[in-house]
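Structure file protein-v7.txt with compact mmCIF, C-alpha atoms and all ligand atoms:
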```
# COMPACT_ATOMS: atom_id res chain seq x y z
CA MET A 1 0.00 0.00 0.00
CA ILE A 2 1.30 3.45 -0.95
CA THR A 3 -0.19 6.13 1.27
CA VAL A 4 -0.68 9.77 0.31
CA THR A 5 1.60 10.87 3.13
CA SER A 6 3.89 9.48 5.80
CA PRO A 7 4.92 11.23 9.02
CA LEU A 8 8.42 12.61 9.42
CA LEU A 9 9.51 10.72 12.56
CA PRO A 10 12.51 11.63 14.73
CA PRO A 11 15.19 8.98 15.36
CA LEU A 12 13.74 6.90 18.18
CA ASP A 13 16.96 6.69 20.23
CA GLU A 14 17.38 10.46 20.20
CA PHE A 15 13.76 10.91 21.21
CA SER A 16 14.27 8.42 24.07
CA ASN A 17 17.20 10.50 25.31
CA LEU A 18 15.06 13.62 25.42
CA LEU A 19 12.25 11.72 27.13
CA LYS A 20 14.76 10.70 29.80
CA GLU A 21 15.56 14.38 30.36
CA ILE A 22 11.86 15.19 30.71
CA TRP A 23 11.34 12.28 33.14
CA ASP A 24 14.27 13.49 35.21
CA SER A 25 13.04 17.08 35.31
CA LYS A 26 9.40 16.08 35.98
CA TRP A 27 8.35 19.19 34.05
CA ILE A 28 5.96 17.87 31.38
CA THR A 29 3.96 20.90 30.26
CA ASN A 30 3.35 24.67 30.88
CA ASN A 31 6.09 26.53 29.05
CA GLY A 32 8.98 24.24 29.98
CA ASP A 33 12.51 24.24 28.57
CA PHE A 34 11.70 22.22 25.44
CA HIS A 35 8.71 24.46 24.70
CA LYS A 36 10.87 27.56 25.01
CA ARG A 37 13.62 26.04 22.87
CA LEU A 38 11.23 24.96 20.14
CA GLU A 39 9.61 28.40 19.94
CA LYS A 40 13.04 29.96 19.56
CA GLU A 41 14.35 27.46 17.01
CA LEU A 42 11.17 27.54 14.94
CA ALA A 43 11.12 31.35 14.83
CA ALA A 44 14.74 31.30 13.62
CA TYR A 45 14.13 28.53 11.05
CA LEU A 46 10.97 30.16 9.71
CA LYS A 47 12.53 33.67 9.73
CA VAL A 48 9.67 35.18 11.75
CA PRO A 49 10.03 37.56 14.72
CA TYR A 50 7.58 35.93 17.18
CA LEU A 51 5.91 32.57 17.28
CA SER A 52 3.67 30.93 19.85
CA LEU A 53 3.27 27.16 19.98
CA PHE A 54 -0.17 25.56 20.11
CA THR A 55 -1.52 22.07 20.69
CA ASN A 56 -2.87 21.82 17.11
CA GLY A 57 -3.44 23.94 14.01
CA THR A 58 -7.12 24.71 14.58
CA LEU A 59 -6.87 26.47 17.95
CA PRO A 60 -4.47 29.20 16.71
CA LEU A 61 -7.06 30.07 14.04
CA ILE A 62 -9.79 30.32 16.67
CA THR A 63 -7.51 32.24 19.03
CA ALA A 64 -6.29 34.65 16.32
CA LEU A 65 -9.87 35.76 15.70
CA GLN A 66 -10.31 36.27 19.47
CA ALA A 67 -7.05 38.16 19.80
CA LEU A 68 -7.93 40.60 17.02
CA ARG A 69 -11.54 40.83 18.28
CA ILE A 70 -12.92 39.91 14.88
CA SER A 71 -16.73 39.81 14.58
CA GLY A 72 -19.51 40.16 12.00
CA GLU A 73 -18.48 38.77 8.62
CA VAL A 74 -15.15 37.41 7.41
CA ILE A 75 -14.26 36.79 3.77
CA THR A 76 -12.69 33.39 3.23
CA THR A 77 -12.10 30.58 0.74
CA PRO A 78 -14.23 27.46 0.31
CA TYR A 79 -11.21 25.60 -1.13
CA SER A 80 -9.52 24.48 2.07
CA PHE A 81 -9.65 22.03 4.93
CA VAL A 82 -12.89 22.48 6.88
CA ALA A 83 -11.10 23.84 10.00
CA THR A 84 -10.57 27.22 8.29
CA THR A 85 -14.30 27.97 8.25
CA HIS A 86 -15.01 26.13 11.51
CA ALA A 87 -12.73 28.64 13.27
CA LEU A 88 -15.05 31.44 12.15
CA TRP A 89 -18.14 29.53 13.24
CA TRP A 90 -16.69 28.91 16.71
CA ASN A 91 -16.35 32.67 17.08
CA GLY A 92 -19.93 33.38 15.98
CA ILE A 93 -18.63 34.95 12.76
CA LYS A 94 -20.47 34.62 9.46
CA PRO A 95 -18.21 33.15 6.74
CA VAL A 96 -18.48 34.79 3.33
CA PHE A 97 -17.06 32.59 0.59
CA VAL A 98 -15.18 34.14 -2.32
CA ASP A 99 -13.99 32.21 -5.37
CA VAL A 100 -10.35 31.24 -5.90
CA ASP A 101 -7.65 31.93 -8.48
CA PRO A 102 -6.81 28.78 -10.47
CA SER A 103 -3.15 29.78 -10.72
CA ASN A 104 -2.54 29.23 -6.97
CA CYS A 105 -5.88 27.87 -5.61
CA GLY A 106 -5.93 30.81 -3.15
CA ILE A 107 -8.63 33.43 -2.75
CA ASP A 108 -9.00 35.65 -5.86
CA PRO A 109 -8.39 39.27 -4.76
CA SER A 110 -10.30 40.62 -7.77
CA LYS A 111 -13.47 39.07 -6.33
CA ILE A 112 -13.09 40.23 -2.72
CA GLU A 113 -14.41 43.80 -3.01
CA ALA A 114 -17.82 42.67 -4.28
CA ALA A 115 -18.22 40.54 -1.12
CA ILE A 116 -17.46 43.34 1.37
CA THR A 117 -20.39 44.67 3.44
CA PRO A 118 -20.50 47.09 6.41
CA LYS A 119 -20.21 44.01 8.65
CA THR A 120 -16.95 42.76 7.09
CA THR A 121 -14.05 42.91 9.54
CA ALA A 122 -11.37 40.60 8.13
CA ILE A 123 -10.13 38.34 5.35
CA MET A 124 -9.01 34.77 6.08
CA PRO A 125 -7.09 33.37 3.08
CA VAL A 126 -5.28 30.03 2.84
CA HIS A 127 -1.91 29.42 1.18
CA CYS A 128 -3.35 26.30 -0.40
CA TYR A 129 -0.81 23.45 -0.93
CA GLY A 130 1.80 25.93 0.35
CA LYS A 131 1.44 28.02 -2.83
CA PRO A 132 1.63 31.67 -1.80
CA CYS A 133 -1.62 33.63 -2.18
CA ASP A 134 -1.60 36.98 -3.96
CA ILE A 135 -0.40 38.60 -0.72
CA LYS A 136 -0.01 42.07 -2.23
CA GLY A 137 -3.45 42.06 -3.87
CA ILE A 138 -5.11 40.92 -0.63
CA GLN A 139 -3.27 43.50 1.51
CA GLU A 140 -4.25 46.37 -0.82
CA ILE A 141 -7.93 45.61 -0.35
CA ALA A 142 -7.50 45.08 3.40
CA ASP A 143 -5.79 48.46 3.73
CA LYS A 144 -8.40 50.21 1.59
CA TYR A 145 -11.31 48.91 3.71
CA GLY A 146 -9.57 48.71 7.08
CA LEU A 147 -9.78 44.92 7.33
CA LYS A 148 -7.53 42.53 9.26
CA VAL A 149 -5.88 39.61 7.44
CA ILE A 150 -5.40 36.24 9.12
CA TYR A 151 -3.65 33.65 6.97
CA ASP A 152 -4.34 29.98 7.49
CA ALA A 153 -0.78 28.98 6.62
CA ALA A 154 -1.21 25.33 7.71
CA HIS A 155 0.38 24.20 4.43
CA ALA A 156 3.04 26.90 4.22
CA PHE A 157 5.78 25.73 6.59
CA GLY A 158 9.11 27.14 5.38
CA VAL A 159 7.72 28.77 2.23
CA GLU A 160 9.62 31.90 1.24
CA ILE A 161 9.46 34.47 -1.55
CA ASN A 162 12.87 35.94 -2.44
CA GLY A 163 14.23 34.77 0.90
CA GLU A 164 11.42 36.23 2.99
CA SER A 165 8.92 34.06 4.86
CA ILE A 166 5.33 34.36 3.65
CA LEU A 167 4.34 33.84 7.30
CA ASN A 168 5.11 37.52 7.88
CA ALA A 169 2.23 38.58 5.62
CA GLY A 170 -1.03 39.96 7.03
CA ASP A 171 -1.73 40.50 10.73
CA ILE A 172 -1.36 36.89 11.89
CA SER A 173 -0.47 33.57 10.25
CA THR A 174 -1.20 30.17 11.73
CA LEU A 175 0.53 26.83 11.19
CA SER A 176 -0.40 23.19 11.71
CA PHE A 177 2.13 20.61 12.83
CA HIS A 178 -0.24 17.68 12.39
CA ALA A 179 1.30 14.30 11.55
CA THR A 180 0.28 14.67 7.90
CA LYS A 181 2.05 18.00 7.38
CA VAL A 182 5.59 18.65 6.06
CA TYR A 183 6.79 19.36 9.60
CA ASN A 184 5.01 17.68 12.51
CA THR A 185 4.93 17.43 16.28
CA VAL A 186 2.38 14.53 16.11
CA GLU A 187 -0.39 17.06 16.78
CA GLY A 188 0.59 20.68 17.08
CA GLY A 189 0.55 24.14 15.62
CA ALA A 190 1.68 27.71 16.01
CA MET A 191 0.73 31.32 15.57
CA VAL A 192 3.09 33.84 13.97
CA VAL A 193 2.75 37.45 15.14
CA HIS A 194 4.74 40.61 14.42
CA ASP A 195 5.42 42.10 17.86
CA GLU A 196 6.27 41.08 21.39
CA GLN A 197 3.12 42.55 22.93
CA THR A 198 0.84 40.48 20.70
CA LYS A 199 2.90 37.37 21.46
CA LYS A 200 2.41 38.03 25.18
CA ARG A 201 -1.34 38.40 24.74
CA ILE A 202 -1.50 35.19 22.68
CA ASP A 203 0.43 33.35 25.38
CA TYR A 204 -2.18 34.51 27.94
CA LEU A 205 -5.05 33.47 25.68
CA LYS A 206 -3.70 29.96 25.10
CA ASN A 207 -3.36 29.47 28.87
CA PHE A 208 -6.90 30.31 30.09
CA GLY A 209 -6.12 34.05 30.00
CA PHE A 210 -3.71 33.80 32.96
CA ALA A 211 -1.36 36.81 33.09
CA GLY A 212 0.04 35.77 36.47
CA GLU A 213 -0.67 33.33 39.26
CA THR A 214 -3.91 35.02 40.29
CA GLU A 215 -4.70 37.34 37.41
CA VAL A 216 -6.95 36.40 34.46
CA VAL A 217 -7.10 39.08 31.76
CA ALA A 218 -9.30 37.42 29.14
CA PRO A 219 -11.61 34.43 28.63
CA GLY A 220 -8.75 32.29 27.32
CA ILE A 221 -8.65 28.69 26.30
CA ASN A 222 -6.26 25.82 26.94
CA SER A 223 -4.27 25.17 23.79
CA LYS A 224 -0.74 24.71 25.11
CA MET A 225 1.80 22.32 23.65
CA ASP A 226 3.41 19.90 26.12
CA GLU A 227 7.11 19.13 26.67
CA ILE A 228 6.95 15.70 25.06
CA ARG A 229 5.76 16.98 21.72
CA ALA A 230 8.05 20.02 21.93
CA ALA A 231 11.03 17.66 22.33
CA TYR A 232 9.79 15.57 19.39
CA GLY A 233 9.47 18.80 17.37
CA LEU A 234 13.06 19.83 18.08
CA LEU A 235 14.20 16.56 16.52
CA THR A 236 11.92 16.66 13.47
CA LEU A 237 13.04 20.25 12.84
CA ARG A 238 16.57 18.92 12.27
CA GLU A 239 15.25 16.55 9.59
CA VAL A 240 12.87 18.88 7.79
CA ASP A 241 15.25 20.37 5.20
CA LYS A 242 16.24 16.89 4.11
CA ALA A 243 12.56 15.92 3.93
CA ILE A 244 11.68 18.96 1.78
CA ALA A 245 14.58 18.19 -0.56
CA ALA A 246 13.35 14.58 -0.90
CA ARG A 247 9.82 15.85 -1.65
CA ASN A 248 11.23 18.14 -4.32
CA GLN A 249 12.82 15.12 -6.00
CA VAL A 250 9.46 13.32 -6.02
CA ALA A 251 7.82 16.41 -7.59
CA ILE A 252 10.53 16.53 -10.27
CA ARG A 253 9.95 12.85 -11.12
CA TYR A 254 6.16 13.26 -11.24
CA ARG A 255 6.36 16.31 -13.48
CA LYS A 256 8.81 14.70 -15.88
CA THR A 257 6.33 11.94 -16.69
CA LEU A 258 3.07 13.85 -16.32
CA ARG A 259 4.19 16.63 -18.64
CA ASN A 260 3.57 14.23 -21.54
CA VAL A 261 0.16 13.01 -20.35
CA GLU A 262 -2.80 14.57 -22.09
CA GLY A 263 -5.59 15.77 -19.80
CA ILE A 264 -3.38 16.10 -16.68
CA THR A 265 -2.22 19.50 -15.43
CA PHE A 266 -0.18 20.43 -12.35
CA PHE A 267 1.79 23.30 -10.86
CA GLU A 268 5.33 24.23 -11.78
CA ASP A 269 7.59 25.94 -9.24
CA MET A 270 7.08 29.70 -9.02
CA PRO A 271 10.13 31.90 -9.69
CA GLY A 272 11.81 33.17 -6.51
CA VAL A 273 9.71 30.89 -4.27
CA ARG A 274 11.12 28.32 -1.88
CA HIS A 275 8.38 25.68 -2.04
CA ASN A 276 7.86 22.98 0.57
CA TYR A 277 6.21 20.39 -1.75
CA SER A 278 3.62 19.65 0.90
CA TYR A 279 1.19 18.26 -1.67
CA PHE A 280 1.29 17.26 -5.32
CA PRO A 281 -2.13 18.13 -6.74
CA ILE A 282 -2.98 17.21 -10.32
CA PHE A 283 -6.11 18.25 -12.21
CA VAL A 284 -7.85 15.71 -14.42
CA ASP A 285 -9.61 16.75 -17.61
CA ALA A 286 -11.85 13.70 -18.05
CA ASP A 287 -12.48 14.20 -21.78
CA LYS A 288 -8.82 14.50 -22.65
CA PHE A 289 -7.51 11.95 -20.13
CA GLY A 290 -10.23 9.43 -20.95
CA MET A 291 -11.19 8.86 -17.32
CA THR A 292 -12.84 10.98 -14.64
CA ARG A 293 -10.98 12.06 -11.52
CA ASP A 294 -13.10 9.71 -9.42
CA GLN A 295 -12.47 6.78 -11.76
CA LEU A 296 -8.75 7.42 -11.51
CA TYR A 297 -8.96 7.73 -7.72
CA GLU A 298 -10.88 4.43 -7.40
CA ARG A 299 -8.59 2.63 -9.81
CA MET A 300 -5.50 3.70 -7.89
CA LYS A 301 -7.12 2.77 -4.59
CA ALA A 302 -8.10 -0.68 -5.87
CA ASN A 303 -4.43 -1.18 -6.77
CA GLY A 304 -3.00 -0.10 -3.43
CA VAL A 305 -2.19 3.56 -4.19
CA LEU A 306 -4.01 5.99 -1.92
CA SER A 307 -4.40 9.47 -3.37
CA ARG A 308 -6.62 12.16 -1.83
CA ARG A 309 -9.27 14.48 -3.23
CA TYR A 310 -8.07 17.63 -1.45
CA PHE A 311 -10.24 19.73 -1.46
CA TYR A 312 -13.42 17.94 -2.36
CA PRO A 313 -16.16 18.57 -1.35
CA LEU A 314 -15.75 22.32 -0.93
CA ILE A 315 -16.34 23.65 2.59
CA SER A 316 -19.34 25.54 1.19
CA GLU A 317 -20.96 22.19 0.37
CA PHE A 318 -20.99 20.84 3.94
CA SER A 319 -24.37 20.90 5.71
CA THR A 320 -23.29 23.57 8.22
CA TYR A 321 -22.41 26.07 5.50
CA ARG A 322 -24.36 25.24 2.36
CA GLY A 323 -27.30 27.44 3.43
CA LEU A 324 -25.15 30.58 3.37
CA PRO A 325 -25.89 33.00 0.51
CA SER A 326 -22.22 32.97 -0.58
CA ALA A 327 -22.17 29.14 -0.71
CA VAL A 328 -24.22 28.92 -3.92
CA LYS A 329 -22.41 27.19 -6.75
CA GLU A 330 -22.78 30.14 -9.15
CA ASN A 331 -20.67 32.25 -6.75
CA LEU A 332 -17.80 29.75 -6.76
CA PRO A 333 -17.34 28.39 -10.29
CA VAL A 334 -13.53 28.10 -10.20
CA ALA A 335 -13.47 26.43 -6.78
CA HIS A 336 -16.05 23.90 -7.99
CA ARG A 337 -14.08 23.17 -11.14
CA LEU A 338 -10.91 22.58 -9.12
CA ALA A 339 -12.67 20.50 -6.45
CA ASP A 340 -14.22 18.27 -9.13
CA SER A 341 -10.96 17.62 -10.94
CA VAL A 342 -8.23 17.63 -8.26
CA LEU A 343 -6.32 14.61 -7.01
CA CYS A 344 -3.35 14.83 -4.64
CA LEU A 345 -0.83 12.13 -5.47
CA PRO A 346 1.25 10.40 -2.78
CA MET A 347 3.86 12.90 -1.63
CA HIS A 348 6.30 12.43 1.23
CA HIS A 349 9.98 12.26 2.06
CA GLY A 350 10.10 8.46 2.11
CA LEU A 351 8.74 7.59 -1.35
CA THR A 352 11.10 5.24 -3.18
CA GLU A 353 11.83 5.20 -6.90
CA VAL A 354 9.85 1.94 -7.20
CA GLU A 355 6.85 3.50 -5.45
CA ILE A 356 7.00 6.61 -7.66
CA GLU A 357 6.97 4.32 -10.70
CA GLN A 358 3.97 2.49 -9.27
CA VAL A 359 2.08 5.79 -8.97
CA LEU A 360 3.05 6.96 -12.45
CA LYS A 361 1.99 3.61 -13.98
CA PHE A 362 -1.63 4.81 -13.86
CA PHE A 363 -0.79 7.58 -16.30
CA CYS A 364 1.00 5.49 -18.91
CA LYS A 365 -1.27 4.02 -21.50
C1 LIG B 1 -4.31 20.68 8.73
C2 LIG B 1 -5.07 21.95 8.49
C3 LIG B 1 -5.69 22.67 9.52
C4 LIG B 1 -5.89 22.11 10.90
O1 LIG B 1 -4.78 21.76 11.54
P1 LIG B 1 -4.84 20.70 12.76
O2 LIG B 1 -3.46 20.73 13.26
O3 LIG B 1 -5.22 19.38 12.16
O4 LIG B 1 -5.84 21.18 13.74
C5 LIG B 1 -6.23 23.91 9.24
N1 LIG B 1 -6.22 24.41 8.00
C6 LIG B 1 -5.67 23.75 6.96
C7 LIG B 1 -5.67 24.37 5.62
C8 LIG B 1 -5.11 22.48 7.17
O5 LIG B 1 -4.61 21.79 6.14
```
Could you render the structure from this file as structure tokens?
Ligand SMILES: *Cc1c(COP(=O)(O)O)cnc(C)c1O
Amino acid sequence: MITVTSPLLPPLDEFSNLLKEIWDSKWITNNGDFHKRLEKELAAYLKVPYLSLFTNGTLPLITALQALRISGEVITTPYSFVATTHALWWNGIKPVFVDVDPSNCGIDPSKIEAAITPKTTAIMPVHCYGKPCDIKGIQEIADKYGLKVIYDAAHAFGVEINGESILNAGDISTLSFHATKVYNTVEGGAMVVHDEQTKKRIDYLKNFGFAGETEVVAPGINSKMDEIRAAYGLLTLREVDKAIAARNQVAIRYRKTLRNVEGITFFEDMPGVRHNYSYFPIFVDADKFGMTRDQLYERMKANGVLSRRYFYPLISEFSTYRGLPSAVKENLPVAHRLADSVLCLPMHHGLTEVEIEQVLKFFCK
């Protein structure tokens, strides 16, 4: 069986050594040494000024909206993992879906203005597959209308444009360190902020709002990362460059073959961008390829190759959201076209040449 992803695991003996340290110290959570070290090392690796660790990638989204006191309506993309929109719902915010740009699968800035109402307070885009959104286009509209921008950067670990991290865009960016992501701490996540004061406030919010032993300054939540996963994360961080390089090699192999397959399109690298190759989406034109996306998916699955239809169905199609005015199909033609044709091929650091061949076999007639 070839799976769509495989977790980047730290060397077990090194992890055991760190566990021994934790056992000896008896400090297992609440901003311990490993937590502090991981925040520092991640901020340096990602080239961001301040970063706050979280227990997963969904809670920083929810907490970012709290921290910026976002309310009313927020403009977002339907072409993402469902947590993006759930974070709005958990804050009592009405999601307003805007269509995406097929060149990067991110929100299309040219369609944002038409969706703004007096209740709009923010934009929540997603760097889908780690492809940078049109950051400049989004920021121009945000500045013009006085809106905040919170990026769901769950896919964008380590992505840079001309040497600068895209995590510095907007007001806040959030990351997921889930097992299926390029970099993982089993479960985990982080929030990237621009200044020390905001980082302090976020650290209160993720710890029940405690600002001291007896002082609670906000209705916070518990979304802290523990020492065990922080130690794990220090070790996977050492391996991540190697893993990204291995993923790049897989992408190169896939493209080399798929370039000659009629009815299959995919993304090339963007100039000046350091990609992380977190996913390898292809888009199937059924007429030209001679098979629908779902037929291809089922055929691969029946033969032991597990691909994924990310992101199908669109978030706007789930029962919670499909009643929203912006969820109608006519409002989101590009997102629907992508969702109906996309297939993410197996992509991880451990794929062997034989496995890559096995995947590509389905495209050779
Ligand atoms: C993985 C993911 C999340 C959620 O992260 P968790 O760590 O699983 O909570 C949010 N948004 C996107 C786009 C994701 O891919």
Worksheet entry | Cut-off 8 Å, all atoms listed in the file, neighbours of ligand LIG 1 (chain B) as a ChimeraX atom specification | /A:55-59,61,80-84,126-128,152-155,175-178,180-181,187-189
Discussion item. Would you compute the distance between atom CA of A:Cys344 and atom CA of A:Val4? Give it in Å to one decimal.
Written reply: 7.6 Å
Practice prompt. Could you jot down the atom CA of A:Val342 to atom CA of A:Tyr129 separation for me, Å, one decimal place?
Written response: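 So the two atoms, atom CA of A:Val342 and atom CA of A:Tyr129, lie 11.9 Å apart.
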Worksheet item: With only C-alpha atoms as the atoms that count, which of A:Leu46, A:Leu9, A:Met300, A:Ala245 lies nearest to A:Glu164?
Response: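 Using only C-alpha atoms, A:Glu164 sits closest to A:Leu46.
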Which residues of stretch 282-331 of chain A have any atom within 12 Å of an atom in stretch 250-268 of chain A when counting all atoms listed in the file, and what is the closest pair of atoms for each, with the distance in Å to one decimal? Order the rows by chain and rising number and write it as JSON lines.
```
{"residue": "A:Ile282", "atom": "CA", "partner": "A:Phe266", "partner_atom": "CA", "distance": 4.7}
{"residue": "A:Phe283", "atom": "CA", "partner": "A:Thr265", "partner_atom": "CA", "distance": 5.2}
{"residue": "A:Val284", "atom": "CA", "partner": "A:Ile264", "partner_atom": "CA", "distance": 5.0}
{"residue": "A:Asp285", "atom": "CA", "partner": "A:Gly263", "partner_atom": "CA", "distance": 4.7}
{"residue": "A:Ala286", "atom": "CA", "partner": "A:Gly263", "partner_atom": "CA", "distance": 6.8}
{"residue": "A:Asp287", "atom": "CA", "partner": "A:Gly263", "partner_atom": "CA", "distance": 7.3}
{"residue": "A:Lys288", "atom": "CA", "partner": "A:Gly263", "partner_atom": "CA", "distance": 4.5}
{"residue": "A:Phe289", "atom": "CA", "partner": "A:Gly263", "partner_atom": "CA", "distance": 4.3}
{"residue": "A:Gly290", "atom": "CA", "partner": "A:Gly263", "partner_atom": "CA", "distance": 7.9}
{"residue": "A:Met291", "atom": "CA", "partner": "A:Gly263", "partner_atom": "CA", "distance": 9.2}
{"residue": "A:Thr292", "atom": "CA", "partner": "A:Gly263", "partner_atom": "CA", "distance": 10.1}
{"residue": "A:Arg293", "atom": "CA", "partner": "A:Ile264", "partner_atom": "CA", "distance": 10.0}
{"residue": "A:Leu296", "atom": "CA", "partner": "A:Ile264", "partner_atom": "CA", "distance": 11.4}
```
For the residues in that selection, give me C-alpha atoms as an mmCIF file, keeping the file's coordinate frame.
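Okay, again-v1.cif is ready:
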```cif
data_model
loop_
_atom_site.group_PDB
_atom_site.id
_atom_site.type_symbol
_atom_site.label_atom_id
_atom_site.label_comp_id
_atom_site.auth_asym_id
_atom_site.auth_seq_id
_atom_site.Cartn_x
_atom_site.Cartn_y
_atom_site.Cartn_z
ATOM 1 C CA ILE A 282 -2.980 17.210 -10.320
ATOM 2 C CA PHE A 283 -6.110 18.250 -12.210
ATOM 3 C CA VAL A 284 -7.850 15.710 -14.420
ATOM 4 C CA ASP A 285 -9.610 16.750 -17.610
ATOM 5 C CA ALA A 286 -11.850 13.700 -18.050
ATOM 6 C CA ASP A 287 -12.480 14.200 -21.780
ATOM 7 C CA LYS A 288 -8.820 14.500 -22.650
ATOM 8 C CA PHE A 289 -7.510 11.950 -20.130
ATOM 9 C CA GLY A 290 -10.230 9.430 -20.950
ATOM 10 C CA MET A 291 -11.190 8.860 -17.320
ATOM 11 C CA THR A 292 -12.840 10.980 -14.640
ATOM 12 C CA ARG A 293 -10.980 12.060 -11.520
ATOM 13 C CA LEU A 296 -8.750 7.420 -11.510
#
```
Fill in: Residue nearest A:Thr29 among A:Glu41, A:Asp101, A:Asp226, A:Glu113 (counting all atoms listed in the file)
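Of all the options, A:Asp226 lies closest to A:Thr29.
Separating atom CA of A:Asp171 from atom CA of A:Gln139 is a distance of 9.8 Å.
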Practice prompt. Compare A:Phe97, A:Phe208, A:Phe280, A:Tyr232 by their minimum atom-to-atom distance to A:Asn17, counting only C-alpha atoms, and give me the closest one.
Written response: A:Tyr232
Worksheet entry | Proximity to A:Tyr151 - best of A:Asp13, A:Val216, A:Ala230, A:Ile62, all atoms listed in the file |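 Result for the nearest residue to A:Tyr151: A:Ile62.
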Worksheet item: Which is closer to A:Leu360 than all the others in A:Glu330, A:Ala156, A:Ile166, A:Leu345, using all atoms listed in the file?
Response: A:Leu345
Take stretch 98-103 of chain A, bring it up to all heavy atoms, and give me the output as a PDB file, in the frame of the given file.
```
ATOM      1  N   VAL A  98     -15.566  33.471  -1.078  1.00  0.00           N
ATOM      2  CA  VAL A  98     -15.180  34.140  -2.320  1.00  0.00           C
ATOM      3  C   VAL A  98     -14.419  33.119  -3.157  1.00  0.00           C
ATOM      4  O   VAL A  98     -13.683  32.279  -2.618  1.00  0.00           O
ATOM      5  CB  VAL A  98     -14.342  35.398  -2.000  1.00  0.00           C
ATOM      6  CG1 VAL A  98     -13.567  35.879  -3.220  1.00  0.00           C
ATOM      7  CG2 VAL A  98     -15.245  36.522  -1.478  1.00  0.00           C
ATOM      8  N   ASP A  99     -14.599  33.192  -4.472  1.00  0.00           N
ATOM      9  CA  ASP A  99     -13.990  32.210  -5.370  1.00  0.00           C
ATOM     10  C   ASP A  99     -12.454  32.330  -5.374  1.00  0.00           C
ATOM     11  O   ASP A  99     -11.892  33.322  -4.904  1.00  0.00           O
ATOM     12  CB  ASP A  99     -14.538  32.382  -6.793  1.00  0.00           C
ATOM     13  CG  ASP A  99     -14.541  31.069  -7.575  1.00  0.00           C
ATOM     14  OD1 ASP A  99     -14.177  30.025  -7.003  1.00  0.00           O
ATOM     15  OD2 ASP A  99     -14.924  31.093  -8.760  1.00  0.00           O
ATOM     16  N   VAL A 100     -11.818  31.308  -5.929  1.00  0.00           N
ATOM     17  CA  VAL A 100     -10.350  31.240  -5.900  1.00  0.00           C
ATOM     18  C   VAL A 100      -9.744  31.477  -7.282  1.00  0.00           C
ATOM     19  O   VAL A 100     -10.433  31.431  -8.301  1.00  0.00           O
ATOM     20  CB  VAL A 100      -9.847  29.892  -5.322  1.00  0.00           C
ATOM     21  CG1 VAL A 100     -10.254  29.760  -3.876  1.00  0.00           C
ATOM     22  CG2 VAL A 100     -10.350  28.712  -6.148  1.00  0.00           C
ATOM     23  N   ASP A 101      -8.433  31.713  -7.261  1.00  0.00           N
ATOM     24  CA  ASP A 101      -7.650  31.930  -8.480  1.00  0.00           C
ATOM     25  C   ASP A 101      -7.046  30.583  -8.873  1.00  0.00           C
ATOM     26  O   ASP A 101      -6.333  29.965  -8.074  1.00  0.00           O
ATOM     27  CB  ASP A 101      -6.550  32.954  -8.120  1.00  0.00           C
ATOM     28  CG  ASP A 101      -5.588  33.197  -9.269  1.00  0.00           C
ATOM     29  OD1 ASP A 101      -5.591  32.417 -10.243  1.00  0.00           O
ATOM     30  OD2 ASP A 101      -4.817  34.172  -9.173  1.00  0.00           O
ATOM     31  N   PRO A 102      -7.309  30.110 -10.093  1.00  0.00           N
ATOM     32  CA  PRO A 102      -6.810  28.780 -10.470  1.00  0.00           C
ATOM     33  C   PRO A 102      -5.284  28.697 -10.551  1.00  0.00           C
ATOM     34  O   PRO A 102      -4.737  27.594 -10.530  1.00  0.00           O
ATOM     35  CB  PRO A 102      -7.432  28.531 -11.853  1.00  0.00           C
ATOM     36  CG  PRO A 102      -7.793  29.873 -12.375  1.00  0.00           C
ATOM     37  CD  PRO A 102      -8.059  30.754 -11.189  1.00  0.00           C
ATOM     38  N   SER A 103      -4.605  29.829 -10.591  1.00  0.00           N
ATOM     39  CA  SER A 103      -3.150  29.780 -10.720  1.00  0.00           C
ATOM     40  C   SER A 103      -2.463  29.411  -9.406  1.00  0.00           C
ATOM     41  O   SER A 103      -1.321  28.939  -9.401  1.00  0.00           O
ATOM     42  CB  SER A 103      -2.598  31.103 -11.242  1.00  0.00           C
ATOM     43  OG  SER A 103      -2.644  32.080 -10.227  1.00  0.00           O
TER      44      SER A 103
END
```
